[in-house]
Amino acid sequence: MESNTKPFTTSRRGLLRAGAALGASAFGTGLLGAGLSSTAGAQGMYSNAGAQSISTRAEALTKRDAAILRFLAAAEIIETDLWQQYNELAGIQDADVPGGSGNAAYGKKIATLDSDMAQYIHDNTEDEMSHFTFLNAYLKAKGADPVNLDKYRTLKGSQATGAQKDLPRLTNLMQLSVDTSWWTRYRSRTANPDLGGAFPQAIPALVKGQFPAIPRNDDDLKPDKHLQAIANTAGFHFAFIEQGGTSLYPSLAQAVKSPEVLRILLSIGPTETMHFQTWQDKAGNYTPLTDPTNGLVFPDLNSKPLGGEDFQTNLIMPEPTAFLSRKFPVVSIIRGTEAKDAAMGALKALEDDGLFVGQSREFLTVFRDLARAADAA
């Protein structure tokens with residue numbers, strides 16, 4: 001795909017330049033207390049250029065704030081791992097986001113959602129990498145344990161042309177059960193998950209099976225509709241992942257104590273919303289079809305009987321809905337933002353998504369412990 005070989009010239013500012021020296025193995029760090037083992041270059045920049053000044057002008061982290069930051073760092077490591085897999089096949093590979101060489105056939109199908117998808121995938125990958133490297137550097141500067149998940153990189157990734165075939169992964173993008181209720185949740189004028197609202201799936205079949213969002217090998221590059229269905233699945237999965245962060249940051253922000261930690265969450269969180277807004281818009285450009293190999297149906301959401309505002313594909317702004325109490329007038333909001341069990345809810349959504357199919361019990365235990373600690377705050 002032409003976009004995969006185009007040089008990337010736009011500066012991402014000083015913070016993101018820390019990632020330029022990272023190799024492909026740097027997209028994730030490891031277990032608690034192990035340090036920034038695979039991000040030494042980035043960590044060095046933070047500790048030498050900024051982390052020391054942070055430590056001298058603010059008190060040490062509370063146990064509560066550290067637990068929240070560690071869970072968010074783990075979540076961002078997971079996001080980086082999955083986005084790196086997408087970028088290897090359909091994004092731009094450069095010094096900022098190295099790894100892979102692109103898959104022209106898959107990239108072409110992804111580009112049916114938007115001609116700039118390669119750039120967007122690249123930038124989303126780089127953003128998530130910057131999030132976890134910053135959070136880990138901040139934790140370490142405050143004398144708290146960073147998060148390292150390297151020992152759990154055990155999953156086999158795509159064997160298709162363009163992927164780093166021998167690189168072990170944290171996440172599985174080839175057996176997904178994608179929840180697409182985010183589509184109708186943001187279009188509903190009456191329901192809010194924080195008030196017990198339920199939302200229909202945009203693509204009901206996606207949540208009922210286990211489908212690839214990247215080609216598993218070169219056999220998945222045909223027939224044509226099968227490969228397009230894989231690209232469509234990716235398009236909806238992009239938005240599913242980013243709507244989780246959109247809600248998670250404001251939910252956990254309600255529990256932090258330090259104004260500086262609150263500032264971190266309020267500064268990173270909106271970038272997740274920017275990602276979600278982009279992917280929600282692009283998902284609506286998918287091609288309606290039925291995958292001839294497995295029967296996966298992508299219906300025309302603008303046609304009857306589905307038609308109506310809750311499914312309309314050119315709506316990308318959140319509609320006003322109930323908030324806090326139905327005694328108040330409706331308001332356009334991020335939904336949901338209930339703080340109770342927010343971290344465990346996010347973890348459950350990732351598990352239900354199929355991202356951890358094949359992962360070890362130890363990995364899931366560690367991730368659940370991080371989530372419980374964050375919610376206990």
# chains A, B, ... in the order shown; residues from 1 in each chain; ligands from 1
$ closest_atom_pairs --of "stretch 115-163 of chain A" --to "stretch 174-188 of chain A" --cutoff "10 Å" --atoms "only C-alpha atoms" --output "Markdown table"
| residue | atom | partner | partner_atom | distance |
| --- | --- | --- | --- | --- |
| A:Lys156 | CA | A:Met174 | CA | 9.9 |
| A:Gly157 | CA | A:Met174 | CA | 8.2 |
| A:Ser158 | CA | A:Met174 | CA | 7.9 |
$ select_by_dssp --residues "stretch 175-306 of chain A" --states "strand (DSSP E or B)" --output "PyMOL selection string"
chain A and resi 176+211+289-290+297-298
$ write_last_selection --atoms "C-alpha atoms" --output "compact mmCIF listing (two decimals), in the first residue's frame"
# COMPACT_ATOMS: atom_id res chain seq x y z
CA LEU A 176 -12.44 -11.30 18.61
CA PHE A 211 -13.56 -13.29 14.19
CA LEU A 289 -21.61 -7.59 3.06
CA THR A 290 -21.76 -11.21 4.15
CA VAL A 297 -23.10 -10.25 8.27
CA PHE A 298 -22.41 -6.52 8.12
$ closest_residue --among "A:Ala163, A:Ala205, A:Ala377, A:Leu266" --to "A:Gly295" --atoms "only C-alpha atoms"
A:Ala205
$ closest_residue --among "A:Leu301, A:Leu252, A:Ala213, A:Ala141" --to "A:Glu59" --atoms "only C-alpha atoms"
A:Ala141
$ select_by_dssp --residues "stretch 252-286 of chain A" --states "alpha helix (DSSP H)" --output "MDAnalysis selection string"
chainID A and resid 252:253 259:283
$ closest_residue --among "A:Lys109, A:Arg372, A:Lys327, A:Lys282" --to "A:His226" --atoms "only C-alpha atoms"
A:Lys109
$ closest_residue --among "A:Leu206, A:Glu260, A:Val330, A:Leu347" --to "A:Leu72" --atoms "only C-alpha atoms"
A:Leu347
$ closest_residue --among "A:Gln210, A:Gln280, A:Thr161, A:Ser251" --to "A:Gln312" --atoms "only C-alpha atoms"
A:Gln280
$ closest_residue --among "A:Leu221, A:Lys165, A:Tyr120, A:Ala73" --to "A:Asn103" --atoms "only C-alpha atoms"
A:Leu221
$ residues_around --residues "A:Pro329" --least-positions-apart "5" --cutoff "12 Å" --atoms "only C-alpha atoms" --output "list in words"
Arg189, Thr190, Pro320, Thr321, Ala322, Phe323 and Leu324 of chain A
$ residues_around --residues "stretch 354-366 of chain A" --least-positions-apart "3" --cutoff "7 Å" --atoms "only C-alpha atoms" --output "PDB file with C-alpha atoms, in the first residue's frame"
ATOM      1  CA  TYR A 152       3.430 -12.384  29.345  1.00  0.00           C
ATOM      2  CA  LEU A 155       0.799 -15.208  22.068  1.00  0.00           C
ATOM      3  CA  THR A 171      -3.095  -9.628  22.777  1.00  0.00           C
ATOM      4  CA  ASN A 172      -4.961 -11.781  20.268  1.00  0.00           C
ATOM      5  CA  LEU A 173      -6.597  -9.950  17.342  1.00  0.00           C
ATOM      6  CA  GLN A 175     -10.475 -14.424  17.734  1.00  0.00           C
ATOM      7  CA  LEU A 176     -12.439 -11.303  18.611  1.00  0.00           C
ATOM      8  CA  SER A 177     -16.030 -10.986  19.821  1.00  0.00           C
ATOM      9  CA  LEU A 350     -11.298  -6.541  27.214  1.00  0.00           C
ATOM     10  CA  GLU A 351     -11.640 -10.174  28.284  1.00  0.00           C
ATOM     11  CA  ASP A 369      -5.186  -7.512  40.829  1.00  0.00           C
ATOM     12  CA  LEU A 370      -4.191  -4.217  39.235  1.00  0.00           C
TER      13      LEU A 370
END
$ atom_distance --atom1 "atom CA of A:Asn124" --atom2 "atom CA of A:Gln85"
11.9 Å
